[in-house]
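> For reference, this is coords-v6.pdb, and it has PDB, N, CA and C atoms and all ligand atoms.
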```
ATOM      1  N   MET A 277      14.898   4.784  20.980
ATOM      2  CA  MET A 277      13.541   5.029  20.499
ATOM      3  C   MET A 277      13.580   5.923  19.268
ATOM      4  N   PRO A 278      12.776   5.585  18.264
ATOM      5  CA  PRO A 278      12.744   6.428  17.062
ATOM      6  C   PRO A 278      12.224   7.834  17.371
ATOM      7  N   LYS A 279      12.753   8.785  16.607
ATOM      8  CA  LYS A 279      12.321  10.181  16.755
ATOM      9  C   LYS A 279      11.554  10.605  15.507
ATOM     10  N   VAL A 280      10.477  11.354  15.738
ATOM     11  CA  VAL A 280       9.684  11.909  14.641
ATOM     12  C   VAL A 280       9.807  13.427  14.705
ATOM     13  N   HIS A 281      10.301  14.015  13.620
ATOM     14  CA  HIS A 281      10.451  15.467  13.543
ATOM     15  C   HIS A 281       9.314  16.010  12.694
ATOM     16  N   PHE A 282       8.557  16.953  13.248
ATOM     17  CA  PHE A 282       7.401  17.513  12.553
ATOM     18  C   PHE A 282       7.136  18.904  13.071
ATOM     19  N   LYS A 283       7.011  19.858  12.159
ATOM     20  CA  LYS A 283       6.698  21.248  12.511
ATOM     21  C   LYS A 283       7.605  21.774  13.626
ATOM     22  N   GLU A 284       8.912  21.582  13.448
ATOM     23  CA  GLU A 284       9.930  22.071  14.383
ATOM     24  C   GLU A 284       9.812  21.464  15.771
ATOM     25  N   LYS A 285       9.135  20.333  15.870
ATOM     26  CA  LYS A 285       9.064  19.612  17.141
ATOM     27  C   LYS A 285       9.574  18.190  16.916
ATOM     28  N   THR A 286      10.032  17.581  17.987
ATOM     29  CA  THR A 286      10.503  16.209  17.921
ATOM     30  C   THR A 286       9.826  15.415  19.024
ATOM     31  N   ILE A 287       9.260  14.276  18.618
ATOM     32  CA  ILE A 287       8.681  13.383  19.624
ATOM     33  C   ILE A 287       9.376  12.032  19.521
ATOM     34  N   GLU A 288       9.415  11.330  20.612
ATOM     35  CA  GLU A 288       9.963   9.978  20.606
ATOM     36  C   GLU A 288       8.801   9.005  20.630
ATOM     37  N   VAL A 289       8.905   7.950  19.831
ATOM     38  CA  VAL A 289       7.841   6.956  19.755
ATOM     39  C   VAL A 289       8.443   5.570  19.946
ATOM     40  N   GLU A 290       7.600   4.604  20.191
ATOM     41  CA  GLU A 290       8.054   3.217  20.271
ATOM     42  C   GLU A 290       8.277   2.689  18.865
ATOM     43  N   HIS A 291       9.232   1.809  18.706
ATOM     44  CA  HIS A 291       9.471   1.154  17.423
ATOM     45  C   HIS A 291       8.180   0.445  16.994
ATOM     46  N   GLY A 292       7.702   0.751  15.789
ATOM     47  CA  GLY A 292       6.487   0.122  15.279
ATOM     48  C   GLY A 292       5.207   0.888  15.573
ATOM     49  N   ASP A 293       5.331   2.011  16.275
ATOM     50  CA  ASP A 293       4.130   2.827  16.552
ATOM     51  C   ASP A 293       3.503   3.329  15.260
ATOM     52  N   ASN A 294       2.194   3.446  15.266
ATOM     53  CA  ASN A 294       1.455   4.031  14.150
ATOM     54  C   ASN A 294       1.704   5.541  14.144
ATOM     55  N   LEU A 295       2.088   6.072  12.993
ATOM     56  CA  LEU A 295       2.462   7.491  12.903
ATOM     57  C   LEU A 295       1.293   8.415  13.214
ATOM     58  N   ARG A 296       0.134   8.141  12.648
ATOM     59  CA  ARG A 296      -1.044   8.998  12.893
ATOM     60  C   ARG A 296      -1.362   9.038  14.381
ATOM     61  N   ARG A 297      -1.397   7.887  14.996
ATOM     62  CA  ARG A 297      -1.746   7.800  16.413
ATOM     63  C   ARG A 297      -0.709   8.542  17.262
ATOM     64  N   ALA A 298       0.559   8.373  16.929
ATOM     65  CA  ALA A 298       1.632   9.031  17.688
ATOM     66  C   ALA A 298       1.509  10.549  17.597
ATOM     67  N   LEU A 299       1.206  11.058  16.393
ATOM     68  CA  LEU A 299       1.080  12.507  16.228
ATOM     69  C   LEU A 299      -0.139  13.034  16.971
ATOM     70  N   LEU A 300      -1.258  12.341  16.844
ATOM     71  CA  LEU A 300      -2.472  12.778  17.551
ATOM     72  C   LEU A 300      -2.269  12.742  19.066
ATOM     73  N   ASN A 301      -1.642  11.697  19.549
ATOM     74  CA  ASN A 301      -1.400  11.584  20.997
ATOM     75  C   ASN A 301      -0.491  12.686  21.515
ATOM     76  N   SER A 302       0.336  13.232  20.632
ATOM     77  CA  SER A 302       1.247  14.307  21.024
ATOM     78  C   SER A 302       0.670  15.683  20.743
ATOM     79  N   GLY A 303      -0.561  15.723  20.245
ATOM     80  CA  GLY A 303      -1.206  17.006  19.975
ATOM     81  C   GLY A 303      -0.677  17.701  18.738
ATOM     82  N   LEU A 304      -0.007  16.949  17.860
ATOM     83  CA  LEU A 304       0.525  17.561  16.640
ATOM     84  C   LEU A 304      -0.521  17.481  15.531
ATOM     85  N   PRO A 305      -0.640  18.544  14.739
ATOM     86  CA  PRO A 305      -1.741  18.678  13.774
ATOM     87  C   PRO A 305      -1.519  17.903  12.470
ATOM     88  N   ILE A 306      -1.972  16.698  12.440
ATOM     89  CA  ILE A 306      -1.816  15.859  11.250
ATOM     90  C   ILE A 306      -2.840  16.223  10.168
ATOM     91  N   TYR A 307      -3.946  16.839  10.573
ATOM     92  CA  TYR A 307      -4.994  17.189   9.605
ATOM     93  C   TYR A 307      -5.030  18.695   9.398
ATOM     94  N   ASN A 308      -5.439  19.091   8.201
ATOM     95  CA  ASN A 308      -5.629  20.511   7.889
ATOM     96  C   ASN A 308      -7.110  20.867   8.008
ATOM     97  N   GLY A 309      -7.391  21.946   8.702
ATOM     98  CA  GLY A 309      -8.748  22.494   8.761
ATOM     99  C   GLY A 309      -9.809  21.479   9.157
ATOM    100  N   LYS A 310     -10.878  21.443   8.336
ATOM    101  CA  LYS A 310     -12.023  20.587   8.666
ATOM    102  C   LYS A 310     -11.711  19.100   8.548
ATOM    103  N   ALA A 311     -10.602  18.766   7.942
ATOM    104  CA  ALA A 311     -10.220  17.344   7.855
ATOM    105  C   ALA A 311      -9.980  16.763   9.249
ATOM    106  N   LYS A 312      -9.776  17.649  10.214
ATOM    107  CA  LYS A 312      -9.620  17.175  11.604
ATOM    108  C   LYS A 312     -10.853  16.381  12.034
ATOM    109  N   HIS A 313     -12.011  16.779  11.503
ATOM    110  CA  HIS A 313     -13.253  16.087  11.865
ATOM    111  C   HIS A 313     -13.755  15.188  10.742
ATOM    112  N   LEU A 314     -13.426  15.563   9.495
ATOM    113  CA  LEU A 314     -13.914  14.805   8.343
ATOM    114  C   LEU A 314     -12.811  13.884   7.832
ATOM    115  N   ASN A 315     -12.578  12.828   8.549
ATOM    116  CA  ASN A 315     -11.560  11.872   8.107
ATOM    117  C   ASN A 315     -12.042  10.464   8.432
ATOM    118  N   CYS A 316     -11.341   9.487   7.917
ATOM    119  CA  CYS A 316     -11.785   8.090   8.048
ATOM    120  C   CYS A 316     -11.282   7.424   9.324
ATOM    121  N   HIS A 317     -10.655   8.199  10.210
ATOM    122  CA  HIS A 317     -10.182   7.701  11.507
ATOM    123  C   HIS A 317      -9.165   6.569  11.378
ATOM    124  N   GLY A 318      -8.398   6.619  10.322
ATOM    125  CA  GLY A 318      -7.289   5.678  10.206
ATOM    126  C   GLY A 318      -7.539   4.457   9.348
ATOM    127  N   LEU A 319      -8.624   4.461   8.588
ATOM    128  CA  LEU A 319      -8.913   3.302   7.736
ATOM    129  C   LEU A 319      -8.092   3.297   6.444
ATOM    130  N   GLY A 320      -7.523   4.450   6.108
ATOM    131  CA  GLY A 320      -6.722   4.524   4.890
ATOM    132  C   GLY A 320      -7.529   4.865   3.651
ATOM    133  N   THR A 321      -8.740   5.348   3.820
ATOM    134  CA  THR A 321      -9.598   5.583   2.656
ATOM    135  C   THR A 321      -9.798   7.059   2.310
ATOM    136  N   CYS A 322      -9.624   7.971   3.260
ATOM    137  CA  CYS A 322      -9.930   9.381   2.961
ATOM    138  C   CYS A 322      -8.732  10.126   2.366
ATOM    139  N   GLY A 323      -7.543   9.776   2.765
ATOM    140  CA  GLY A 323      -6.340  10.424   2.234
ATOM    141  C   GLY A 323      -5.976  11.722   2.914
ATOM    142  N   THR A 324      -6.698  12.136   3.951
ATOM    143  CA  THR A 324      -6.435  13.444   4.569
ATOM    144  C   THR A 324      -5.248  13.440   5.543
ATOM    145  N   CYS A 325      -4.748  12.281   5.883
ATOM    146  CA  CYS A 325      -3.592  12.215   6.788
ATOM    147  C   CYS A 325      -2.290  12.177   6.000
ATOM    148  N   CYS A 326      -2.368  12.551   4.737
ATOM    149  CA  CYS A 326      -1.197  12.538   3.855
ATOM    150  C   CYS A 326      -0.076  13.413   4.410
ATOM    151  N   VAL A 327       1.137  12.879   4.379
ATOM    152  CA  VAL A 327       2.323  13.645   4.762
ATOM    153  C   VAL A 327       3.436  13.359   3.753
ATOM    154  N   PHE A 328       4.393  14.260   3.684
ATOM    155  CA  PHE A 328       5.604  14.023   2.919
ATOM    156  C   PHE A 328       6.635  13.536   3.931
ATOM    157  N   LEU A 329       7.191  12.390   3.669
ATOM    158  CA  LEU A 329       7.959  11.700   4.701
ATOM    159  C   LEU A 329       9.304  11.209   4.182
ATOM    160  N   GLU A 330      10.317  11.329   5.035
ATOM    161  CA  GLU A 330      11.619  10.719   4.772
ATOM    162  C   GLU A 330      12.028  10.004   6.033
ATOM    163  N   GLY A 331      12.516   8.780   5.891
ATOM    164  CA  GLY A 331      12.978   8.056   7.064
ATOM    165  C   GLY A 331      12.619   6.590   6.992
ATOM    166  N   ASP A 332      12.818   5.922   8.114
ATOM    167  CA  ASP A 332      12.674   4.474   8.188
ATOM    168  C   ASP A 332      11.269   4.109   8.681
ATOM    169  N   VAL A 333      10.453   3.666   7.744
ATOM    170  CA  VAL A 333       9.062   3.306   8.068
ATOM    171  C   VAL A 333       8.671   2.016   7.351
ATOM    172  N   SER A 334       7.512   1.508   7.690
ATOM    173  CA  SER A 334       7.005   0.282   7.068
ATOM    174  C   SER A 334       6.680   0.527   5.594
ATOM    175  N   PRO A 335       6.672  -0.548   4.794
ATOM    176  CA  PRO A 335       6.300  -0.406   3.384
ATOM    177  C   PRO A 335       4.838   0.007   3.245
ATOM    178  N   MET A 336       4.490   0.515   2.058
ATOM    179  CA  MET A 336       3.104   0.933   1.814
ATOM    180  C   MET A 336       2.154  -0.252   1.906
ATOM    181  N   THR A 337       1.023   0.003   2.506
ATOM    182  CA  THR A 337      -0.019  -1.030   2.537
ATOM    183  C   THR A 337      -0.786  -0.979   1.214
ATOM    184  N   ARG A 338      -1.567  -2.011   0.960
ATOM    185  CA  ARG A 338      -2.336  -2.052  -0.280
ATOM    186  C   ARG A 338      -3.346  -0.908  -0.347
ATOM    187  N   VAL A 339      -4.047  -0.661   0.763
ATOM    188  CA  VAL A 339      -5.042   0.420   0.769
ATOM    189  C   VAL A 339      -4.373   1.782   0.589
ATOM    190  N   GLU A 340      -3.163   1.923   1.145
ATOM    191  CA  GLU A 340      -2.433   3.191   1.012
ATOM    192  C   GLU A 340      -2.039   3.431  -0.453
ATOM    193  N   LYS A 341      -1.511   2.415  -1.109
ATOM    194  CA  LYS A 341      -1.155   2.554  -2.534
ATOM    195  C   LYS A 341      -2.383   2.940  -3.344
ATOM    196  N   TRP A 342      -3.493   2.287  -3.061
ATOM    197  CA  TRP A 342      -4.744   2.558  -3.762
ATOM    198  C   TRP A 342      -5.164   4.003  -3.569
ATOM    199  N   ARG A 343      -5.163   4.485  -2.297
ATOM    200  CA  ARG A 343      -5.660   5.832  -2.013
ATOM    201  C   ARG A 343      -4.743   6.920  -2.541
ATOM    202  N   LEU A 344      -3.464   6.659  -2.562
ATOM    203  CA  LEU A 344      -2.529   7.685  -3.044
ATOM    204  C   LEU A 344      -2.452   7.745  -4.568
ATOM    205  N   ASN A 345      -3.235   6.935  -5.228
ATOM    206  CA  ASN A 345      -3.218   6.947  -6.688
ATOM    207  C   ASN A 345      -4.491   7.477  -7.314
ATOM    208  N   PHE A 346      -5.309   8.172  -6.519
ATOM    209  CA  PHE A 346      -6.396   8.903  -7.155
ATOM    210  C   PHE A 346      -6.592  10.242  -6.481
ATOM    211  N   PRO A 347      -7.204  11.213  -7.206
ATOM    212  CA  PRO A 347      -7.246  12.612  -6.762
ATOM    213  C   PRO A 347      -7.764  12.801  -5.340
ATOM    214  N   PRO A 348      -7.181  13.822  -4.683
ATOM    215  CA  PRO A 348      -6.226  14.791  -5.235
ATOM    216  C   PRO A 348      -4.799  14.257  -5.282
ATOM    217  N   HIS A 349      -4.557  13.072  -4.802
ATOM    218  CA  HIS A 349      -3.209  12.516  -4.864
ATOM    219  C   HIS A 349      -2.960  11.968  -6.266
ATOM    220  N   LYS A 350      -1.673  11.934  -6.618
ATOM    221  CA  LYS A 350      -1.328  11.502  -7.974
ATOM    222  C   LYS A 350      -0.181  10.498  -7.957
ATOM    223  N   GLY A 351      -0.041   9.773  -6.850
ATOM    224  CA  GLY A 351       1.005   8.763  -6.784
ATOM    225  C   GLY A 351       2.408   9.329  -6.666
ATOM    226  N   GLU A 352       2.531  10.590  -6.201
ATOM    227  CA  GLU A 352       3.856  11.200  -6.086
ATOM    228  C   GLU A 352       4.714  10.455  -5.068
ATOM    229  N   SER A 353       6.020  10.392  -5.321
ATOM    230  CA  SER A 353       6.893   9.727  -4.365
ATOM    231  C   SER A 353       7.105  10.622  -3.144
ATOM    232  N   GLY A 354       7.320   9.997  -2.018
ATOM    233  CA  GLY A 354       7.530  10.729  -0.774
ATOM    234  C   GLY A 354       6.250  10.939   0.013
ATOM    235  N   LYS A 355       5.104  10.764  -0.643
ATOM    236  CA  LYS A 355       3.838  10.910   0.073
ATOM    237  C   LYS A 355       3.494   9.608   0.777
ATOM    238  N   ARG A 356       2.991   9.727   2.000
ATOM    239  CA  ARG A 356       2.496   8.563   2.731
ATOM    240  C   ARG A 356       1.240   8.959   3.495
ATOM    241  N   LEU A 357       0.456   7.956   3.818
ATOM    242  CA  LEU A 357      -0.710   8.169   4.684
ATOM    243  C   LEU A 357      -0.292   7.790   6.091
ATOM    244  N   ALA A 358      -0.292   8.778   6.979
ATOM    245  CA  ALA A 358       0.219   8.564   8.340
ATOM    246  C   ALA A 358      -0.495   7.410   9.044
ATOM    247  N   CYS A 359      -1.755   7.221   8.718
ATOM    248  CA  CYS A 359      -2.514   6.170   9.414
ATOM    249  C   CYS A 359      -2.071   4.767   9.016
ATOM    250  N   GLN A 360      -1.316   4.668   7.935
ATOM    251  CA  GLN A 360      -0.875   3.353   7.443
ATOM    252  C   GLN A 360       0.600   3.093   7.735
ATOM    253  N   VAL A 361       1.256   4.068   8.347
ATOM    254  CA  VAL A 361       2.714   4.008   8.525
ATOM    255  C   VAL A 361       3.076   3.560   9.937
ATOM    256  N   LYS A 362       3.991   2.587   9.999
ATOM    257  CA  LYS A 362       4.599   2.219  11.281
ATOM    258  C   LYS A 362       5.997   2.818  11.304
ATOM    259  N   VAL A 363       6.322   3.465  12.406
ATOM    260  CA  VAL A 363       7.623   4.118  12.526
ATOM    261  C   VAL A 363       8.663   3.075  12.958
ATOM    262  N   LEU A 364       9.723   2.937  12.141
ATOM    263  CA  LEU A 364      10.758   1.937  12.424
ATOM    264  C   LEU A 364      12.098   2.580  12.787
ATOM    265  N   GLY A 365      12.223   3.877  12.536
ATOM    266  CA  GLY A 365      13.453   4.620  12.843
ATOM    267  C   GLY A 365      13.123   6.098  12.799
ATOM    268  N   ASP A 366      14.160   6.920  12.816
ATOM    269  CA  ASP A 366      13.918   8.372  12.804
ATOM    270  C   ASP A 366      13.254   8.793  11.494
ATOM    271  N   VAL A 367      12.277   9.680  11.605
ATOM    272  CA  VAL A 367      11.597  10.177  10.413
ATOM    273  C   VAL A 367      11.412  11.691  10.486
ATOM    274  N   GLU A 368      11.375  12.261   9.313
ATOM    275  CA  GLU A 368      11.152  13.699   9.141
ATOM    276  C   GLU A 368       9.882  13.824   8.320
ATOM    277  N   ILE A 369       8.892  14.538   8.813
ATOM    278  CA  ILE A 369       7.677  14.669   8.030
ATOM    279  C   ILE A 369       7.278  16.130   7.855
ATOM    280  N   GLU A 370       6.575  16.347   6.767
ATOM    281  CA  GLU A 370       6.061  17.669   6.419
ATOM    282  C   GLU A 370       4.611  17.507   6.011
ATOM    283  N   LYS A 371       3.769  18.440   6.383
ATOM    284  CA  LYS A 371       2.378  18.428   5.962
ATOM    285  C   LYS A 371       2.215  19.457   4.863
ATOM    286  N   GLY A 372       1.563  19.062   3.782
ATOM    287  CA  GLY A 372       1.340  19.983   2.683
ATOM    288  C   GLY A 372       0.128  20.869   2.927
ATOM    289  N   GLU A 373      -0.159  21.683   1.930
ATOM    290  CA  GLU A 373      -1.321  22.575   1.974
ATOM    291  C   GLU A 373      -2.545  21.863   1.413
ATOM    292  N   GLY A 374      -3.713  22.449   1.640
ATOM    293  CA  GLY A 374      -4.941  21.899   1.085
ATOM    294  C   GLY A 374      -5.635  20.965   2.058
ATOM    295  N   PHE A 375      -6.888  20.660   1.753
ATOM    296  CA  PHE A 375      -7.708  19.831   2.642
ATOM    297  C   PHE A 375      -7.027  18.507   2.980
ATOM    298  N   TRP A 376      -6.412  17.886   1.978
ATOM    299  CA  TRP A 376      -5.756  16.581   2.168
ATOM    300  C   TRP A 376      -4.285  16.740   2.568
ATOM    301  N   GLY A 377      -3.795  17.983   2.525
ATOM    302  CA  GLY A 377      -2.354  18.202   2.733
ATOM    303  C   GLY A 377      -1.570  17.705   1.545
ATOM    304  N   GLN A 378      -2.173  17.815   0.383
ATOM    305  CA  GLN A 378      -1.653  17.152  -0.798
ATOM    306  C   GLN A 378      -0.587  17.904  -1.564
ATOM    307  N   THR A 379      -0.429  19.231  -1.312
ATOM    308  CA  THR A 379       0.564  19.990  -2.089
ATOM    309  C   THR A 379       1.615  20.600  -1.182
ATOM    310  N   LYS A 380       2.834  20.536  -1.614
ATOM    311  CA  LYS A 380       3.944  21.103  -0.856
ATOM    312  C   LYS A 380       4.068  22.577  -1.096
TER     313      LYS A 380
HETATM  314  S1  LIG B   1      -7.022   8.937   8.251
HETATM  315 FE1  LIG B   1      -8.060   8.605   6.375
HETATM  316  S2  LIG B   1      -6.510   7.895   5.069
HETATM  317 FE2  LIG B   1      -5.501   8.159   6.940
END
```
Using structure tokens, write down the structure that the file contains.
Ligand code: FES

Amino acid sequence: MPKVHFKEKTIEVEHGDNLRRALLNSGLPIYNGKAKHLNCHGLGTCGTCCVFLEGDVSPMTRVEKWRLNFPPHKGESGKRLACQVKVLGDVEIEKGEGFWGQTK
């Protein structure tokens, strides 16, 4: 089973699990501050589930590419929207600062 490392914790997920859902189900804080309540619930449009990610995951979706290319995101490499990511192997993620988690 793939492992997700986040905030000094490791969870095991099923191959192909949605990253946002896996983190929420494990009680791990994918959102910063009020974004916990003010988010698009996984539609890929708000950008608040942004994480910096390394590991084996699905390719970017069209909506994810679109959302990561306008403010506060700037198309930086390594950024992904957790709600659009399927976990395919071990991954290491970091949440940035700010409402969207947009800065490291
Ligand atoms: S939850 Fe809104 S973009 Fe992921």
> Can you tell me which residues sit at most 5 Å away from ligand LIG 1 (chain B), counting all atoms listed in the file, written as a PyMOL selection string?
chain A and resi 315-325+359
> Create the file for the chosen residues now, containing N, CA and C atoms and written as a PDB file, in the coordinates of the input.

```pdb
ATOM      1  N   ASN A 315     -12.578  12.828   8.549  1.00  0.00           N
ATOM      2  CA  ASN A 315     -11.560  11.872   8.107  1.00  0.00           C
ATOM      3  C   ASN A 315     -12.042  10.464   8.432  1.00  0.00           C
ATOM      4  N   CYS A 316     -11.341   9.487   7.917  1.00  0.00           N
ATOM      5  CA  CYS A 316     -11.785   8.090   8.048  1.00  0.00           C
ATOM      6  C   CYS A 316     -11.282   7.424   9.324  1.00  0.00           C
ATOM      7  N   HIS A 317     -10.655   8.199  10.210  1.00  0.00           N
ATOM      8  CA  HIS A 317     -10.182   7.701  11.507  1.00  0.00           C
ATOM      9  C   HIS A 317      -9.165   6.569  11.378  1.00  0.00           C
ATOM     10  N   GLY A 318      -8.398   6.619  10.322  1.00  0.00           N
ATOM     11  CA  GLY A 318      -7.289   5.678  10.206  1.00  0.00           C
ATOM     12  C   GLY A 318      -7.539   4.457   9.348  1.00  0.00           C
ATOM     13  N   LEU A 319      -8.624   4.461   8.588  1.00  0.00           N
ATOM     14  CA  LEU A 319      -8.913   3.302   7.736  1.00  0.00           C
ATOM     15  C   LEU A 319      -8.092   3.297   6.444  1.00  0.00           C
ATOM     16  N   GLY A 320      -7.523   4.450   6.108  1.00  0.00           N
ATOM     17  CA  GLY A 320      -6.722   4.524   4.890  1.00  0.00           C
ATOM     18  C   GLY A 320      -7.529   4.865   3.651  1.00  0.00           C
ATOM     19  N   THR A 321      -8.740   5.348   3.820  1.00  0.00           N
ATOM     20  CA  THR A 321      -9.598   5.583   2.656  1.00  0.00           C
ATOM     21  C   THR A 321      -9.798   7.059   2.310  1.00  0.00           C
ATOM     22  N   CYS A 322      -9.624   7.971   3.260  1.00  0.00           N
ATOM     23  CA  CYS A 322      -9.930   9.381   2.961  1.00  0.00           C
ATOM     24  C   CYS A 322      -8.732  10.126   2.366  1.00  0.00           C
ATOM     25  N   GLY A 323      -7.543   9.776   2.765  1.00  0.00           N
ATOM     26  CA  GLY A 323      -6.340  10.424   2.234  1.00  0.00           C
ATOM     27  C   GLY A 323      -5.976  11.722   2.914  1.00  0.00           C
ATOM     28  N   THR A 324      -6.698  12.136   3.951  1.00  0.00           N
ATOM     29  CA  THR A 324      -6.435  13.444   4.569  1.00  0.00           C
ATOM     30  C   THR A 324      -5.248  13.440   5.543  1.00  0.00           C
ATOM     31  N   CYS A 325      -4.748  12.281   5.883  1.00  0.00           N
ATOM     32  CA  CYS A 325      -3.592  12.215   6.788  1.00  0.00           C
ATOM     33  C   CYS A 325      -2.290  12.177   6.000  1.00  0.00           C
ATOM     34  N   CYS A 359      -1.755   7.221   8.718  1.00  0.00           N
ATOM     35  CA  CYS A 359      -2.514   6.170   9.414  1.00  0.00           C
ATOM     36  C   CYS A 359      -2.071   4.767   9.016  1.00  0.00           C
TER      37      CYS A 359
END
```
> Carefully work through the PyMOL selection byres (((chain A and resi 377 and name CA) around 10) and not hetatm and name CA) for this structure and note down the residues it includes, as a ChimeraX atom specification.
/A:306-309,311,323-328,348-349,355,370-376,378-380
> Could you dump the residues just selected with N, CA and C atoms as an mmCIF file, keeping the file's coordinate frame?

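Result went into result_21.cif, see below:
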```cif
data_model
loop_
_atom_site.group_PDB
_atom_site.id
_atom_site.type_symbol
_atom_site.label_atom_id
_atom_site.label_comp_id
_atom_site.auth_asym_id
_atom_site.auth_seq_id
_atom_site.Cartn_x
_atom_site.Cartn_y
_atom_site.Cartn_z
ATOM 1 N N ILE A 306 -1.972 16.698 12.440
ATOM 2 C CA ILE A 306 -1.816 15.859 11.250
ATOM 3 C C ILE A 306 -2.840 16.223 10.168
ATOM 4 N N TYR A 307 -3.946 16.839 10.573
ATOM 5 C CA TYR A 307 -4.994 17.189 9.605
ATOM 6 C C TYR A 307 -5.030 18.695 9.398
ATOM 7 N N ASN A 308 -5.439 19.091 8.201
ATOM 8 C CA ASN A 308 -5.629 20.511 7.889
ATOM 9 C C ASN A 308 -7.110 20.867 8.008
ATOM 10 N N GLY A 309 -7.391 21.946 8.702
ATOM 11 C CA GLY A 309 -8.748 22.494 8.761
ATOM 12 C C GLY A 309 -9.809 21.479 9.157
ATOM 13 N N ALA A 311 -10.602 18.766 7.942
ATOM 14 C CA ALA A 311 -10.220 17.344 7.855
ATOM 15 C C ALA A 311 -9.980 16.763 9.249
ATOM 16 N N GLY A 323 -7.543 9.776 2.765
ATOM 17 C CA GLY A 323 -6.340 10.424 2.234
ATOM 18 C C GLY A 323 -5.976 11.722 2.914
ATOM 19 N N THR A 324 -6.698 12.136 3.951
ATOM 20 C CA THR A 324 -6.435 13.444 4.569
ATOM 21 C C THR A 324 -5.248 13.440 5.543
ATOM 22 N N CYS A 325 -4.748 12.281 5.883
ATOM 23 C CA CYS A 325 -3.592 12.215 6.788
ATOM 24 C C CYS A 325 -2.290 12.177 6.000
ATOM 25 N N CYS A 326 -2.368 12.551 4.737
ATOM 26 C CA CYS A 326 -1.197 12.538 3.855
ATOM 27 C C CYS A 326 -0.076 13.413 4.410
ATOM 28 N N VAL A 327 1.137 12.879 4.379
ATOM 29 C CA VAL A 327 2.323 13.645 4.762
ATOM 30 C C VAL A 327 3.436 13.359 3.753
ATOM 31 N N PHE A 328 4.393 14.260 3.684
ATOM 32 C CA PHE A 328 5.604 14.023 2.919
ATOM 33 C C PHE A 328 6.635 13.536 3.931
ATOM 34 N N PRO A 348 -7.181 13.822 -4.683
ATOM 35 C CA PRO A 348 -6.226 14.791 -5.235
ATOM 36 C C PRO A 348 -4.799 14.257 -5.282
ATOM 37 N N HIS A 349 -4.557 13.072 -4.802
ATOM 38 C CA HIS A 349 -3.209 12.516 -4.864
ATOM 39 C C HIS A 349 -2.960 11.968 -6.266
ATOM 40 N N LYS A 355 5.104 10.764 -0.643
ATOM 41 C CA LYS A 355 3.838 10.910 0.073
ATOM 42 C C LYS A 355 3.494 9.608 0.777
ATOM 43 N N GLU A 370 6.575 16.347 6.767
ATOM 44 C CA GLU A 370 6.061 17.669 6.419
ATOM 45 C C GLU A 370 4.611 17.507 6.011
ATOM 46 N N LYS A 371 3.769 18.440 6.383
ATOM 47 C CA LYS A 371 2.378 18.428 5.962
ATOM 48 C C LYS A 371 2.215 19.457 4.863
ATOM 49 N N GLY A 372 1.563 19.062 3.782
ATOM 50 C CA GLY A 372 1.340 19.983 2.683
ATOM 51 C C GLY A 372 0.128 20.869 2.927
ATOM 52 N N GLU A 373 -0.159 21.683 1.930
ATOM 53 C CA GLU A 373 -1.321 22.575 1.974
ATOM 54 C C GLU A 373 -2.545 21.863 1.413
ATOM 55 N N GLY A 374 -3.713 22.449 1.640
ATOM 56 C CA GLY A 374 -4.941 21.899 1.085
ATOM 57 C C GLY A 374 -5.635 20.965 2.058
ATOM 58 N N PHE A 375 -6.888 20.660 1.753
ATOM 59 C CA PHE A 375 -7.708 19.831 2.642
ATOM 60 C C PHE A 375 -7.027 18.507 2.980
ATOM 61 N N TRP A 376 -6.412 17.886 1.978
ATOM 62 C CA TRP A 376 -5.756 16.581 2.168
ATOM 63 C C TRP A 376 -4.285 16.740 2.568
ATOM 64 N N GLN A 378 -2.173 17.815 0.383
ATOM 65 C CA GLN A 378 -1.653 17.152 -0.798
ATOM 66 C C GLN A 378 -0.587 17.904 -1.564
ATOM 67 N N THR A 379 -0.429 19.231 -1.312
ATOM 68 C CA THR A 379 0.564 19.990 -2.089
ATOM 69 C C THR A 379 1.615 20.600 -1.182
ATOM 70 N N LYS A 380 2.834 20.536 -1.614
ATOM 71 C CA LYS A 380 3.944 21.103 -0.856
ATOM 72 C C LYS A 380 4.068 22.577 -1.096
#
```
> Taking 5 positions as the minimum chain separation for residues in the same chain, which residues sit within 7 Å of Asp332 (chain A) when counting all atoms listed in the file? Answer as a ChimeraX atom specification.
/A:362-368
> In Å to one decimal, how far is atom N of Leu314 (chain A) from atom C of Phe346 (chain A)?
18.2 Å
> Can you measure CA of Glu352 (chain A) to CA of Lys283 (chain A) for me? One decimal in Å is fine.
21.3 Å
> Just the alpha helix (DSSP H) stuff from chain A, please, per backbone DSSP, written as a ChimeraX atom specification.
/A:295-301,338-343
> What is the distance between atom N of Gly354 (chain A) and atom N of Arg338 (chain A), in Å to one decimal?
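Interatomic distance, atom N of Gly354 (chain A) to atom N of Arg338 (chain A): 15.2 Å.
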> Can you work out which one of A:Asn294, A:Ser353, A:Asn345, A:Ser302 has the shortest atom-to-atom distance to Val333 (chain A), counting only C-alpha atoms?
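Of A:Asn294, A:Ser353, A:Asn345, A:Ser302, the one nearest Val333 (chain A) is A:Asn294, counting only C-alpha atoms.
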> Excluding Met277 (chain A) and any residue of its chain fewer than 3 positions from it, enumerate the residues within 6 Å of it, using all atoms listed in the file, and give them as a PyMOL selection string.
chain A and resi 288-291
> My list of candidates is A:His313, A:Val280, A:Lys341, A:Val361. Which is closest to Asp293 (chain A) when distances are computed with only N, CA and C atoms?
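Among the listed residues, the smallest separation from Asp293 (chain A) belongs to A:Val361.
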> Can you report as lines of an AutoDock Vina configuration file the centre and edge lengths in Å, to one decimal, of an axis-aligned box around the listed atoms of region 347-361 of chain A padded with 5 Å on each side?

```
center_x = -0.1
center_y = 8.9
center_z = 1.0
size_x = 25.3
size_y = 21.7
size_z = 27.9
```
> Looking only at strand (DSSP E) from DSSP on the backbone, list the matching residues of region 284-356 of chain A as a ChimeraX atom specification.
/A:285-288,326-333,355-356
